[in-house]
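> Below is the file upload32.pdb, with PDB, C-alpha atoms and all ligand atoms.
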MODEL        1
ATOM      1  CA  MET A 190      95.647 135.169 122.619
ATOM      2  CA  SER A 191      96.335 133.529 126.008
ATOM      3  CA  THR A 192      98.379 135.543 128.471
ATOM      4  CA  ASP A 193      99.007 132.551 130.755
ATOM      5  CA  PRO A 194     102.698 131.643 130.242
ATOM      6  CA  ALA A 195     101.953 128.051 131.317
ATOM      7  CA  ALA A 196      99.224 127.593 128.687
ATOM      8  CA  PRO A 197     100.152 125.203 125.829
ATOM      9  CA  THR A 198     100.994 126.852 122.507
ATOM     10  CA  PRO A 199      98.163 126.286 120.005
ATOM     11  CA  PRO A 200      99.098 124.276 116.857
ATOM     12  CA  ALA A 201      98.678 127.362 114.643
ATOM     13  CA  GLU A 202     101.557 129.042 116.468
ATOM     14  CA  GLN A 203     103.731 125.990 117.136
ATOM     15  CA  HIS A 204     104.680 125.589 113.481
ATOM     16  CA  LEU A 205     105.966 129.165 113.296
ATOM     17  CA  SER A 206     108.755 128.345 115.755
ATOM     18  CA  GLN A 207     109.693 125.124 113.913
ATOM     19  CA  PRO A 208     112.411 124.880 111.244
ATOM     20  CA  VAL A 209     110.793 124.312 107.844
ATOM     21  CA  SER A 210     111.045 120.943 106.103
ATOM     22  CA  PHE A 211     112.096 122.381 102.737
ATOM     23  CA  VAL A 212     114.796 124.462 101.118
ATOM     24  CA  ARG A 213     113.757 127.303  98.895
ATOM     25  CA  ARG A 214     114.404 126.279  95.337
ATOM     26  CA  GLY A 215     114.006 128.392  92.208
ATOM     27  CA  SER A 216     110.400 129.281  91.465
ATOM     28  CA  ARG A 217     110.918 130.653  87.940
ATOM     29  CA  LEU A 218     108.748 128.957  85.376
ATOM     30  CA  GLN A 219     109.588 128.561  81.735
ATOM     31  CA  GLY A 220     107.946 127.295  78.587
ATOM     32  CA  ARG A 221     104.909 125.047  79.019
ATOM     33  CA  ARG A 222     105.013 125.243  82.813
ATOM     34  CA  ARG A 223     104.866 129.035  82.678
ATOM     35  CA  GLN A 224     101.956 128.909  80.248
ATOM     36  CA  ALA A 225     100.134 126.332  82.390
ATOM     37  CA  TRP A 226     100.490 128.548  85.473
ATOM     38  CA  ALA A 227      99.048 131.520  83.570
ATOM     39  CA  GLU A 228      96.201 129.675  81.875
ATOM     40  CA  LEU A 229      95.072 126.931  84.262
ATOM     41  CA  ASP A 230      94.447 129.188  87.244
ATOM     42  CA  ASP A 231      91.023 127.635  87.909
ATOM     43  CA  PHE A 232      92.897 124.709  89.478
ATOM     44  CA  VAL A 233      95.135 126.889  91.664
ATOM     45  CA  ILE A 234      93.962 127.841  95.153
ATOM     46  CA  ASP A 235      94.680 131.508  95.767
ATOM     47  CA  VAL A 236      96.120 131.198  99.276
ATOM     48  CA  PRO A 237      96.251 134.505 101.192
ATOM     49  CA  ARG A 238      99.737 135.021 102.727
ATOM     50  CA  ASN A 239     100.647 136.411 106.110
ATOM     51  CA  THR A 240     104.359 136.975 105.398
ATOM     52  CA  MET A 241     106.461 137.764 102.332
ATOM     53  CA  ALA A 242     107.025 134.026 101.800
ATOM     54  CA  ASP A 243     105.004 132.625  98.907
ATOM     55  CA  THR A 244     104.569 129.404 100.908
ATOM     56  CA  SER A 245     103.027 131.060 103.972
ATOM     57  CA  VAL A 246      99.341 130.815 104.845
ATOM     58  CA  ASP A 247      97.281 133.562 106.455
ATOM     59  CA  PRO A 248      95.951 131.851 109.600
ATOM     60  CA  GLU A 249      92.601 133.595 109.121
ATOM     61  CA  TYR A 250      92.049 131.820 105.788
ATOM     62  CA  GLN A 251      89.746 128.750 105.663
ATOM     63  CA  PHE A 252      89.737 126.425 102.659
ATOM     64  CA  ASP A 253      86.167 125.773 101.468
ATOM     65  CA  ALA A 254      86.340 122.476  99.553
ATOM     66  CA  ALA A 255      82.680 122.454  98.506
ATOM     67  CA  ALA A 256      83.060 125.900  96.935
ATOM     68  CA  GLU A 257      86.443 125.198  95.327
ATOM     69  CA  PHE A 258      85.348 121.883  93.757
ATOM     70  CA  ASP A 259      81.737 122.957  93.295
ATOM     71  CA  ARG A 260      80.564 119.724  94.909
ATOM     72  CA  ASP A 261      80.672 117.731  98.155
ATOM     73  CA  ALA A 262      82.987 114.699  98.005
ATOM     74  CA  PRO A 263      85.560 113.049 100.286
ATOM     75  CA  LEU A 264      88.807 115.039 100.269
ATOM     76  CA  VAL A 265      92.262 113.463  99.798
ATOM     77  CA  VAL A 266      95.195 115.776 100.605
ATOM     78  CA  GLU A 267      98.720 115.024  99.405
ATOM     79  CA  VAL A 268     101.528 116.817 101.219
ATOM     80  CA  GLY A 269     104.686 117.353  99.152
ATOM     81  CA  SER A 270     103.104 116.250  95.877
ATOM     82  CA  GLY A 271     106.307 116.926  93.889
ATOM     83  CA  LEU A 272     105.591 116.772  90.148
ATOM     84  CA  GLY A 273     102.033 115.553  90.747
ATOM     85  CA  GLU A 274     102.487 112.005  89.463
ATOM     86  CA  ALA A 275     100.744 110.289  92.385
ATOM     87  CA  ILE A 276      97.861 112.701  92.882
ATOM     88  CA  THR A 277      96.869 113.005  89.223
ATOM     89  CA  HIS A 278      97.074 109.243  88.729
ATOM     90  CA  ALA A 279      94.822 108.665  91.767
ATOM     91  CA  ALA A 280      92.412 111.438  90.733
ATOM     92  CA  GLU A 281      91.985 109.814  87.343
ATOM     93  CA  LEU A 282      91.153 106.459  88.955
ATOM     94  CA  GLN A 283      88.845 107.973  91.597
ATOM     95  CA  PRO A 284      86.645 110.626  89.983
ATOM     96  CA  ASP A 285      84.284 110.616  93.001
ATOM     97  CA  PHE A 286      86.997 111.986  95.315
ATOM     98  CA  ASN A 287      88.322 115.541  95.529
ATOM     99  CA  PHE A 288      92.134 115.850  95.618
ATOM    100  CA  LEU A 289      94.224 118.718  96.981
ATOM    101  CA  ALA A 290      97.991 118.942  96.367
ATOM    102  CA  LEU A 291     100.001 120.933  98.922
ATOM    103  CA  GLU A 292     103.509 121.691  97.679
ATOM    104  CA  VAL A 293     106.040 124.469  98.178
ATOM    105  CA  TYR A 294     107.885 123.965  94.867
ATOM    106  CA  LYS A 295     106.176 126.051  92.176
ATOM    107  CA  PRO A 296     107.692 124.255  89.124
ATOM    108  CA  GLY A 297     106.378 120.969  90.581
ATOM    109  CA  LEU A 298     102.918 122.496  90.910
ATOM    110  CA  ALA A 299     103.076 123.824  87.339
ATOM    111  CA  GLN A 300     103.984 120.324  86.154
ATOM    112  CA  THR A 301     100.971 119.036  88.116
ATOM    113  CA  LEU A 302      98.785 121.501  86.197
ATOM    114  CA  LEU A 303     100.110 120.100  82.918
ATOM    115  CA  ARG A 304      99.176 116.591  84.078
ATOM    116  CA  ILE A 305      95.711 117.791  85.127
ATOM    117  CA  GLU A 306      95.204 119.259  81.663
ATOM    118  CA  GLN A 307      96.624 116.261  79.835
ATOM    119  CA  LYS A 308      94.333 113.862  81.745
ATOM    120  CA  GLY A 309      91.312 116.191  81.530
ATOM    121  CA  LEU A 310      90.816 116.100  85.326
ATOM    122  CA  THR A 311      88.277 118.253  87.162
ATOM    123  CA  ASN A 312      88.762 116.836  90.686
ATOM    124  CA  VAL A 313      92.239 118.185  91.552
ATOM    125  CA  ARG A 314      93.246 121.542  93.026
ATOM    126  CA  ILE A 315      96.747 122.655  93.887
ATOM    127  CA  ALA A 316      98.034 125.068  96.517
ATOM    128  CA  GLN A 317     101.509 126.487  96.961
ATOM    129  CA  ALA A 318     101.741 126.271 100.729
ATOM    130  CA  ASN A 319     103.841 125.032 103.604
ATOM    131  CA  ALA A 320     101.777 122.008 104.600
ATOM    132  CA  ALA A 321     102.552 122.488 108.303
ATOM    133  CA  GLU A 322     100.771 125.846 108.144
ATOM    134  CA  ALA A 323      97.967 124.623 105.877
ATOM    135  CA  LEU A 324      97.147 121.766 108.234
ATOM    136  CA  ALA A 325      97.353 123.990 111.310
ATOM    137  CA  THR A 326      94.803 126.549 110.116
ATOM    138  CA  MET A 327      93.733 126.506 106.458
ATOM    139  CA  LEU A 328      92.007 123.119 106.324
ATOM    140  CA  PRO A 329      88.921 122.904 108.559
ATOM    141  CA  GLU A 330      89.026 120.453 111.453
ATOM    142  CA  GLY A 331      87.916 116.932 110.458
ATOM    143  CA  SER A 332      87.582 117.902 106.764
ATOM    144  CA  VAL A 333      90.034 115.384 105.251
ATOM    145  CA  SER A 334      89.286 111.723 104.426
ATOM    146  CA  GLU A 335      92.854 110.730 103.594
ATOM    147  CA  LEU A 336      96.190 112.430 104.094
ATOM    148  CA  TRP A 337      99.168 111.271 102.030
ATOM    149  CA  VAL A 338     102.867 111.912 102.709
ATOM    150  CA  PHE A 339     104.961 109.983 100.204
ATOM    151  CA  PHE A 340     108.758 110.160 100.228
ATOM    152  CA  PRO A 341     109.222 113.315 102.316
ATOM    153  CA  ASP A 342     112.737 114.787 102.213
ATOM    154  CA  PRO A 343     114.874 112.520 104.445
ATOM    155  CA  TRP A 344     117.201 115.150 105.992
ATOM    156  CA  HIS A 345     119.871 112.565 106.828
ATOM    157  CA  LYS A 346     122.398 114.638 108.701
ATOM    158  CA  THR A 347     121.925 114.673 112.458
ATOM    159  CA  ARG A 348     121.979 118.467 112.600
ATOM    160  CA  HIS A 349     119.210 118.606 109.956
ATOM    161  CA  ARG A 350     116.974 116.003 111.583
ATOM    162  CA  LYS A 351     114.793 118.723 113.133
ATOM    163  CA  ARG A 352     113.701 119.684 109.619
ATOM    164  CA  ARG A 353     111.925 116.395 109.014
ATOM    165  CA  LEU A 354     108.247 116.879 108.308
ATOM    166  CA  VAL A 355     106.861 113.886 110.188
ATOM    167  CA  LYS A 356     107.335 114.651 113.872
ATOM    168  CA  ALA A 357     105.091 115.131 116.896
ATOM    169  CA  ASP A 358     103.836 118.631 116.069
ATOM    170  CA  PHE A 359     102.996 117.626 112.503
ATOM    171  CA  ALA A 360     101.117 114.552 113.773
ATOM    172  CA  GLU A 361      99.064 116.926 115.910
ATOM    173  CA  VAL A 362      97.965 119.070 112.954
ATOM    174  CA  ALA A 363      97.401 115.944 110.821
ATOM    175  CA  ALA A 364      95.065 114.629 113.534
ATOM    176  CA  ARG A 365      93.287 117.983 113.533
ATOM    177  CA  VAL A 366      92.352 117.888 109.837
ATOM    178  CA  LEU A 367      91.524 114.187 109.466
ATOM    179  CA  ALA A 368      87.932 113.069 110.019
ATOM    180  CA  PRO A 369      87.457 110.311 112.625
ATOM    181  CA  GLY A 370      88.215 107.031 110.808
ATOM    182  CA  GLY A 371      90.233 108.917 108.165
ATOM    183  CA  LEU A 372      93.552 107.464 106.998
ATOM    184  CA  TRP A 373      97.064 108.833 107.044
ATOM    185  CA  ARG A 374      99.210 107.004 104.489
ATOM    186  CA  LEU A 375     102.975 107.444 104.542
ATOM    187  CA  ALA A 376     105.873 106.026 102.553
ATOM    188  CA  THR A 377     109.630 106.478 102.703
ATOM    189  CA  ASP A 378     112.680 104.764 101.254
ATOM    190  CA  TRP A 379     114.896 105.444 104.277
ATOM    191  CA  SER A 380     114.737 103.058 107.223
ATOM    192  CA  ASP A 381     115.525 105.494 110.022
ATOM    193  CA  TYR A 382     112.854 107.924 108.808
ATOM    194  CA  ALA A 383     110.437 104.973 108.636
ATOM    195  CA  VAL A 384     111.289 104.171 112.265
ATOM    196  CA  GLN A 385     110.797 107.841 113.205
ATOM    197  CA  MET A 386     107.379 107.884 111.503
ATOM    198  CA  ARG A 387     106.355 104.716 113.323
ATOM    199  CA  ASP A 388     107.595 106.082 116.676
ATOM    200  CA  VAL A 389     105.858 109.448 116.230
ATOM    201  CA  LEU A 390     102.519 107.977 115.170
ATOM    202  CA  ASP A 391     102.519 105.158 117.727
ATOM    203  CA  ALA A 392     103.113 107.777 120.434
ATOM    204  CA  SER A 393     100.279 110.004 119.199
ATOM    205  CA  ASP A 394      96.888 109.823 120.929
ATOM    206  CA  GLY A 395      95.206 110.678 117.644
ATOM    207  CA  PHE A 396      96.050 107.548 115.645
ATOM    208  CA  THR A 397      96.031 103.784 115.606
ATOM    209  CA  ASN A 398      98.178 101.649 113.284
ATOM    210  CA  VAL A 399      95.970  99.787 110.786
ATOM    211  CA  HIS A 400      98.686  97.109 110.408
ATOM    212  CA  ASP A 401      99.840  96.936 114.015
ATOM    213  CA  GLY A 402     102.252  94.051 114.575
ATOM    214  CA  GLU A 403     102.279  92.984 110.924
ATOM    215  CA  ARG A 404     105.463  92.207 108.936
ATOM    216  CA  THR A 405     107.845  91.406 111.783
ATOM    217  CA  GLY A 406     111.108  89.445 111.811
ATOM    218  CA  ALA A 407     112.321  88.288 108.409
ATOM    219  CA  ASP A 408     109.154  89.709 106.774
ATOM    220  CA  SER A 409     109.932  93.221 107.968
ATOM    221  CA  PRO A 410     111.519  95.573 105.429
ATOM    222  CA  LEU A 411     113.507  96.952 108.352
ATOM    223  CA  THR A 412     115.064  93.582 109.147
ATOM    224  CA  GLN A 413     115.830  93.214 105.449
ATOM    225  CA  VAL A 414     117.601  96.587 105.293
ATOM    226  CA  TRP A 415     119.603  95.839 108.456
ATOM    227  CA  ASP A 416     120.486  92.428 107.127
ATOM    228  CA  SER A 417     121.592  93.587 103.682
ATOM    229  CA  GLY A 418     123.186  96.923 104.629
ATOM    230  CA  VAL A 419     121.655  98.242 101.414
ATOM    231  CA  GLU A 420     121.389 101.833 102.621
ATOM    232  CA  LEU A 421     125.073 102.090 103.454
ATOM    233  CA  VAL A 422     126.527 101.103 100.141
ATOM    234  CA  VAL A 423     124.610 101.804  96.963
ATOM    235  CA  GLY A 424     126.081 100.925  93.602
ATOM    236  CA  GLY A 425     129.402 100.119  95.276
ATOM    237  CA  ALA A 426     129.833 103.570  96.848
ATOM    238  CA  PRO A 427     128.723 104.939 100.215
ATOM    239  CA  VAL A 428     125.403 106.797 100.123
ATOM    240  CA  ARG A 429     126.163 110.498  99.877
ATOM    241  CA  GLU A 430     124.170 113.534 100.844
ATOM    242  CA  GLY A 431     125.721 116.654  99.351
ATOM    243  CA  LYS A 432     129.466 116.191  99.845
ATOM    244  CA  ASP A 433     129.276 114.099 103.017
ATOM    245  CA  PRO A 434     128.938 110.339 103.020
ATOM    246  CA  VAL A 435     125.924 109.308 105.089
ATOM    247  CA  SER A 436     127.316 107.411 108.038
ATOM    248  CA  THR A 437     125.898 104.288 109.644
ATOM    249  CA  GLY A 438     124.753 106.522 112.503
ATOM    250  CA  ASN A 439     122.605 108.547 110.123
ATOM    251  CA  THR A 440     120.948 105.581 108.469
ATOM    252  CA  GLY A 441     119.760 104.162 111.768
ATOM    253  CA  VAL A 442     120.840 101.790 114.485
ATOM    254  CA  ASN A 443     121.050  98.197 113.300
ATOM    255  CA  GLU A 444     119.063  96.119 115.778
ATOM    256  CA  GLY A 445     119.357  92.952 113.722
ATOM    257  CA  ILE A 446     115.713  91.913 113.778
ATOM    258  CA  ASP A 447     112.641  94.114 113.797
ATOM    259  CA  THR A 448     110.242  92.450 116.229
ATOM    260  CA  ARG A 449     107.777  95.332 116.235
ATOM    261  CA  GLY A 450     106.661  95.479 112.580
ATOM    262  CA  GLY A 451     103.546  97.550 111.872
ATOM    263  CA  TRP A 452     104.399  98.045 108.187
ATOM    264  CA  ALA A 453     101.567  98.298 105.679
ATOM    265  CA  PRO A 454     101.505  96.499 102.345
ATOM    266  CA  ARG A 455     102.411  98.751  99.421
ATOM    267  CA  PHE A 456      99.511 101.166  98.905
ATOM    268  CA  ASP A 457      98.173 100.139  95.511
ATOM    269  CA  GLY A 458      96.624 103.595  95.000
ATOM    270  CA  ARG A 459     100.154 105.022  94.793
ATOM    271  CA  THR A 460     101.570 104.973  91.295
ATOM    272  CA  LEU A 461     105.269 104.305  90.871
ATOM    273  CA  THR A 462     106.734 107.810  90.677
ATOM    274  CA  SER A 463     110.122 108.619  89.186
ATOM    275  CA  PHE A 464     111.188 109.358  92.749
ATOM    276  CA  GLU A 465     110.264 105.905  94.032
ATOM    277  CA  ASN A 466     111.807 104.369  90.937
ATOM    278  CA  LYS A 467     115.187 105.908  91.779
ATOM    279  CA  ALA A 468     114.995 104.293  95.225
ATOM    280  CA  HIS A 469     114.269 100.919  93.625
ATOM    281  CA  GLU A 470     117.148 101.355  91.189
ATOM    282  CA  ALA A 471     119.469 102.091  94.113
ATOM    283  CA  GLY A 472     118.279  98.865  95.744
ATOM    284  CA  ARG A 473     116.561 100.561  98.704
ATOM    285  CA  MET A 474     113.471  99.146 100.423
ATOM    286  CA  ILE A 475     110.165 101.044 100.528
ATOM    287  CA  PHE A 476     108.375 101.376 103.870
ATOM    288  CA  ASP A 477     104.610 101.954 103.846
ATOM    289  CA  LEU A 478     102.611 102.911 106.945
ATOM    290  CA  THR A 479      98.851 103.457 107.354
ATOM    291  CA  TYR A 480      97.323 104.999 110.469
ATOM    292  CA  ARG A 481      93.660 105.603 111.262
ATOM    293  CA  LYS A 482      92.437 108.748 112.999
ATOM    294  CA  ILE A 483      90.710 107.768 116.220
TER     295      ILE A 483
HETATM  296  C1  LIG A 501     111.427 114.100  98.082
HETATM  297  S1  LIG A 501     110.144 114.953  97.331
HETATM  298  C2  LIG A 501     108.892 113.724  97.008
HETATM  299  C3  LIG A 501     107.854 114.177  96.034
HETATM  300  C4  LIG A 501     106.686 113.222  95.791
HETATM  301  N1  LIG A 501     105.940 112.957  97.018
HETATM  302  C5  LIG A 501     107.130 111.942  95.153
HETATM  303  O1  LIG A 501     107.041 110.892  95.796
HETATM  304  O2  LIG A 501     107.592 111.976  94.003
HETATM  305  C6  LIG A 501     109.469 115.845  98.727
HETATM  306  C7  LIG A 501     108.591 117.015  98.295
HETATM  307  O3  LIG A 501     108.010 117.597  99.447
HETATM  308  C8  LIG A 501     107.973 119.006  99.280
HETATM  309  N2  LIG A 501     107.867 119.599 100.629
HETATM  310  C9  LIG A 501     108.783 119.545 101.610
HETATM  311  N3  LIG A 501     108.339 120.160 102.714
HETATM  312  C10 LIG A 501     107.086 120.616 102.422
HETATM  313  C11 LIG A 501     106.116 121.340 103.161
HETATM  314  N4  LIG A 501     106.336 121.710 104.425
HETATM  315  N5  LIG A 501     104.949 121.650 102.560
HETATM  316  C12 LIG A 501     104.710 121.280 101.272
HETATM  317  N6  LIG A 501     105.606 120.583 100.525
HETATM  318  C13 LIG A 501     106.773 120.258 101.087
HETATM  319  C14 LIG A 501     109.248 119.312  98.541
HETATM  320  O4  LIG A 501     109.195 120.549  97.860
HETATM  321  C15 LIG A 501     109.341 118.112  97.581
HETATM  322  O5  LIG A 501     108.707 118.403  96.359
ENDMDL
END
Write the structure described by the file as structure tokens, please.

Amino acid sequence: MSTDPAAPTPPAEQHLSQPVSFVRRGSRLQGRRRQAWAELDDFVIDVPRNTMADTSVDPEYQFDAAAEFDRDAPLVVEVGSGLGEAITHAAELQPDFNFLALEVYKPGLAQTLLRIEQKGLTNVRIAQANAAEALATMLPEGSVSELWVFFPDPWHKTRHRKRRLVKADFAEVAARVLAPGGLWRLATDWSDYAVQMRDVLDASDGFTNVHDGERTGADSPLTQVWDSGVELVVGGAPVREGKDPVSTGNTGVNEGIDTRGGWAPRFDGRTLTSFENKAHEAGRMIFDLTYRKI
């Protein structure tokens, strides 16, 4: 370890001082999910831990995709895979790709196992891990063809903003794992998080926006949200997070017209998850972004 106090903190240590992007939810499994976890362990990566937390990753551990999948193939990694709808759908359509789901929520991973079994997939593995740690150390440098972050938790309240996953330090570890030319695909249904993602990735040396300057003005989903005010009032009532209404301040500054654009078309490899469906039902816009690793 460096003893020079002026030396930059390496990515593997940076994430340890960051607030995590998730809340610990119950990890008890019941019924079919419990059975799937016990029986389908061939699909579960046994991640060595370095703390008591079952989401931690021993920084000495290196994921060996060729050994885990028993073949060489391009690797797609989904961060925050939830119930596994998107990753199992994509894995079924793309049997020549290997897919790795990184998720902290064990019941979601167990549900993913059930989908793997139901679809008879052999090209998906799952890991219970904090993605910030997994990307900092577990995944070898340049080993990932595509990285997906779809609908990360929005953390609306100003005091919670630091918990958002997509920020500068995460972009750094994402750039570390992606192969040159590899793609980072992101989607969110909240405009101010979409703006944050665009700001963070545009500012990063590691990436270039595949759709730079596209969908500006009236064609921009951002202009459309600002114009309609759809995020402020949903179903006739103010958007609420917990007990607090989400204020205009928390849903982003209304600049009237988005002249910058940079939004991607909807990624057609992303199936419509129940999560995205809820956003549609509430009338919210979906923002897609695609960046290429330089
Ligand atoms: C809002 S949900 C979206 C789930 C899924 N992507 C979808 O579109 O249905 C966000 C998910 O990210 C997971 N998550 C949050 N922070 C994470 C982290 N640091 N590492 C891995 N998963 C994380 C949460 O547990 C949750 O399941």
> Write out as JSON, numbers by chain each polymer residue (protein, DNA or RNA) that has an atom no more than 7 Å from ligand LIG 501 (chain A), with all atoms listed in the file counted.
{"A": [209, 210, 211, 268, 269, 270, 271, 272, 274, 291, 292, 293, 294, 297, 318, 319, 320, 321, 338, 339, 340, 341, 342, 354, 462, 463, 464, 465]}
> For the structure provided, state which residues fall under the PyMOL selection byres (((chain A and resi 355) around 12) and not hetatm), and present them as a PyMOL selection string.
chain A and resi 209-210+268-269+320-321+337-344+350-354+356-363+373-377+382-390+393
> Mind giving me the straight-line distance from CA of Glu281 in chain A to CA of Thr301 in chain A in Å, one decimal?
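It comes out at 12.9 Å.
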> Which one of A:Gly309, A:Gly418, A:Gly458, A:Gly402 sits closest to Gly472 in chain A if you count all atoms listed in the file?
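Between A:Gly309, A:Gly418, A:Gly458, A:Gly402, the residue approaching Gly472 in chain A most closely is A:Gly418.
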> Rank A:Asp381, A:Gly395, A:Gly445, A:Arg260 by their smallest atom-to-atom distance to Thr412 in chain A, using only C-alpha atoms, and report the top residue only.
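Looking only at the distances to Thr412 in chain A, the closest residue turns out to be A:Gly445.
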> Counting all atoms listed in the file, which residue out of A:Ala299, A:Asn312, A:Arg455, A:Tyr480 sits closest to Gly371 in chain A?
A:Tyr480
> Just how far from CA of Asp247 in chain A is CA of Glu335 in chain A, in Å to one decimal?
23.4 Å
> Evaluated on this file, the PyMOL selection byres (((chain A and resi 261) around 12) and not hetatm) picks out some residues - which ones are they, written as a tab-separated table (two decimals) with C-alpha atoms, keeping the file's coordinate frame?

chain	number	residue	atom	x	y	z
A	253	ASP	CA	86.17	125.77	101.47
A	254	ALA	CA	86.34	122.48	99.55
A	255	ALA	CA	82.68	122.45	98.51
A	256	ALA	CA	83.06	125.90	96.94
A	257	GLU	CA	86.44	125.20	95.33
A	258	PHE	CA	85.35	121.88	93.76
A	259	ASP	CA	81.74	122.96	93.30
A	260	ARG	CA	80.56	119.72	94.91
A	262	ALA	CA	82.99	114.70	98.00
A	263	PRO	CA	85.56	113.05	100.29
A	264	LEU	CA	88.81	115.04	100.27
A	285	ASP	CA	84.28	110.62	93.00
A	286	PHE	CA	87.00	111.99	95.32
A	287	ASN	CA	88.32	115.54	95.53
A	288	PHE	CA	92.13	115.85	95.62
A	312	ASN	CA	88.76	116.84	90.69
A	332	SER	CA	87.58	117.90	106.76
A	333	VAL	CA	90.03	115.38	105.25
> Which residue out of A:Ala279, A:Ala290, A:Val246, A:Leu411 has the minimum interatomic distance to Arg449 in chain A when only C-alpha atoms are used?
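Checking each candidate against Arg449 in chain A, we get A:Leu411 as the closest.
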> Give me the residues within 8 Å of Thr277 in chain A as a PyMOL selection string, counting all atoms listed in the file and dropping any in the same chain fewer than 6 places off.
chain A and resi 301+304-305+308+310+313
> Output the residue selection produced by the PyMOL selection byres (((chain A and resi 296) around 12) and not hetatm) on the file above, formatted as a VMD selection string.
chain A and resid 213 to 226 270 to 273 292 to 295 297 to 303 317
> Would you put the residues from that selection into a file with C-alpha atoms, as an mmCIF file, in the coordinates of the input?

data_model
loop_
_atom_site.group_PDB
_atom_site.id
_atom_site.type_symbol
_atom_site.label_atom_id
_atom_site.label_comp_id
_atom_site.auth_asym_id
_atom_site.auth_seq_id
_atom_site.Cartn_x
_atom_site.Cartn_y
_atom_site.Cartn_z
ATOM 1 C CA ARG A 213 113.757 127.303 98.895
ATOM 2 C CA ARG A 214 114.404 126.279 95.337
ATOM 3 C CA GLY A 215 114.006 128.392 92.208
ATOM 4 C CA SER A 216 110.400 129.281 91.465
ATOM 5 C CA ARG A 217 110.918 130.653 87.940
ATOM 6 C CA LEU A 218 108.748 128.957 85.376
ATOM 7 C CA GLN A 219 109.588 128.561 81.735
ATOM 8 C CA GLY A 220 107.946 127.295 78.587
ATOM 9 C CA ARG A 221 104.909 125.047 79.019
ATOM 10 C CA ARG A 222 105.013 125.243 82.813
ATOM 11 C CA ARG A 223 104.866 129.035 82.678
ATOM 12 C CA GLN A 224 101.956 128.909 80.248
ATOM 13 C CA ALA A 225 100.134 126.332 82.390
ATOM 14 C CA TRP A 226 100.490 128.548 85.473
ATOM 15 C CA SER A 270 103.104 116.250 95.877
ATOM 16 C CA GLY A 271 106.307 116.926 93.889
ATOM 17 C CA LEU A 272 105.591 116.772 90.148
ATOM 18 C CA GLY A 273 102.033 115.553 90.747
ATOM 19 C CA GLU A 292 103.509 121.691 97.679
ATOM 20 C CA VAL A 293 106.040 124.469 98.178
ATOM 21 C CA TYR A 294 107.885 123.965 94.867
ATOM 22 C CA LYS A 295 106.176 126.051 92.176
ATOM 23 C CA GLY A 297 106.378 120.969 90.581
ATOM 24 C CA LEU A 298 102.918 122.496 90.910
ATOM 25 C CA ALA A 299 103.076 123.824 87.339
ATOM 26 C CA GLN A 300 103.984 120.324 86.154
ATOM 27 C CA THR A 301 100.971 119.036 88.116
ATOM 28 C CA LEU A 302 98.785 121.501 86.197
ATOM 29 C CA LEU A 303 100.110 120.100 82.918
ATOM 30 C CA GLN A 317 101.509 126.487 96.961
#
> For the atom pair CA of Ala325 in chain A and CA of Phe456 in chain A, what is the interatomic distance in Å to one decimal place?
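Answer for the CA of Ala325 in chain A to CA of Phe456 in chain A separation: 26.1 Å.
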> Got a sec: who's within 12 Å of Glu403 in chain A, counting all atoms listed in the file, leaving out chain neighbours fewer than 4 positions off, as number ranges by chain?
A: 398-399, 407-410, 447-454, 477-479
> Show me, as AutoDock Vina command-line options, the centre and edge lengths in Å to one decimal of the axis-aligned box that covers every listed atom of range 290-296 of chain A with 4 Å on each side.

--center_x 102.9 --center_y 122.5 --center_z 94.0 --size_x 17.9 --size_y 15.1 --size_z 17.8
> Could you check the closest approach to Glu420 in chain A for each of A:His278, A:Arg238, A:Arg348, A:Arg473 and tell me which residue wins, using all atoms listed in the file?
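Nearest to Glu420 in chain A: A:Arg473.
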> How would range 411-419 of chain A read, as a CSV table (one decimal), keeping the file's coordinate frame, once N, CA and C atoms are built in?

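Output (rebuild.csv):
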chain,number,residue,atom,x,y,z
A,411,LEU,N,112.4,96.4,107.5
A,411,LEU,CA,113.5,97.0,108.4
A,411,LEU,C,114.6,95.9,108.6
A,412,THR,N,114.1,94.7,109.0
A,412,THR,CA,115.1,93.6,109.1
A,412,THR,C,115.9,93.4,107.9
A,413,GLN,N,115.2,93.5,106.7
A,413,GLN,CA,115.8,93.2,105.4
A,413,GLN,C,116.9,94.3,105.1
A,414,VAL,N,116.6,95.5,105.5
A,414,VAL,CA,117.6,96.6,105.3
A,414,VAL,C,118.8,96.4,106.2
A,415,TRP,N,118.5,96.1,107.5
A,415,TRP,CA,119.6,95.8,108.5
A,415,TRP,C,120.5,94.7,108.0
A,416,ASP,N,119.8,93.6,107.5
A,416,ASP,CA,120.5,92.4,107.1
A,416,ASP,C,121.4,92.7,105.9
A,417,SER,N,120.9,93.4,104.9
A,417,SER,CA,121.6,93.6,103.7
A,417,SER,C,122.6,94.8,103.7
A,418,GLY,N,122.3,95.7,104.6
A,418,GLY,CA,123.2,96.9,104.6
A,418,GLY,C,123.0,97.8,103.4
A,419,VAL,N,121.8,97.6,102.7
A,419,VAL,CA,121.7,98.2,101.4
A,419,VAL,C,121.7,99.8,101.4
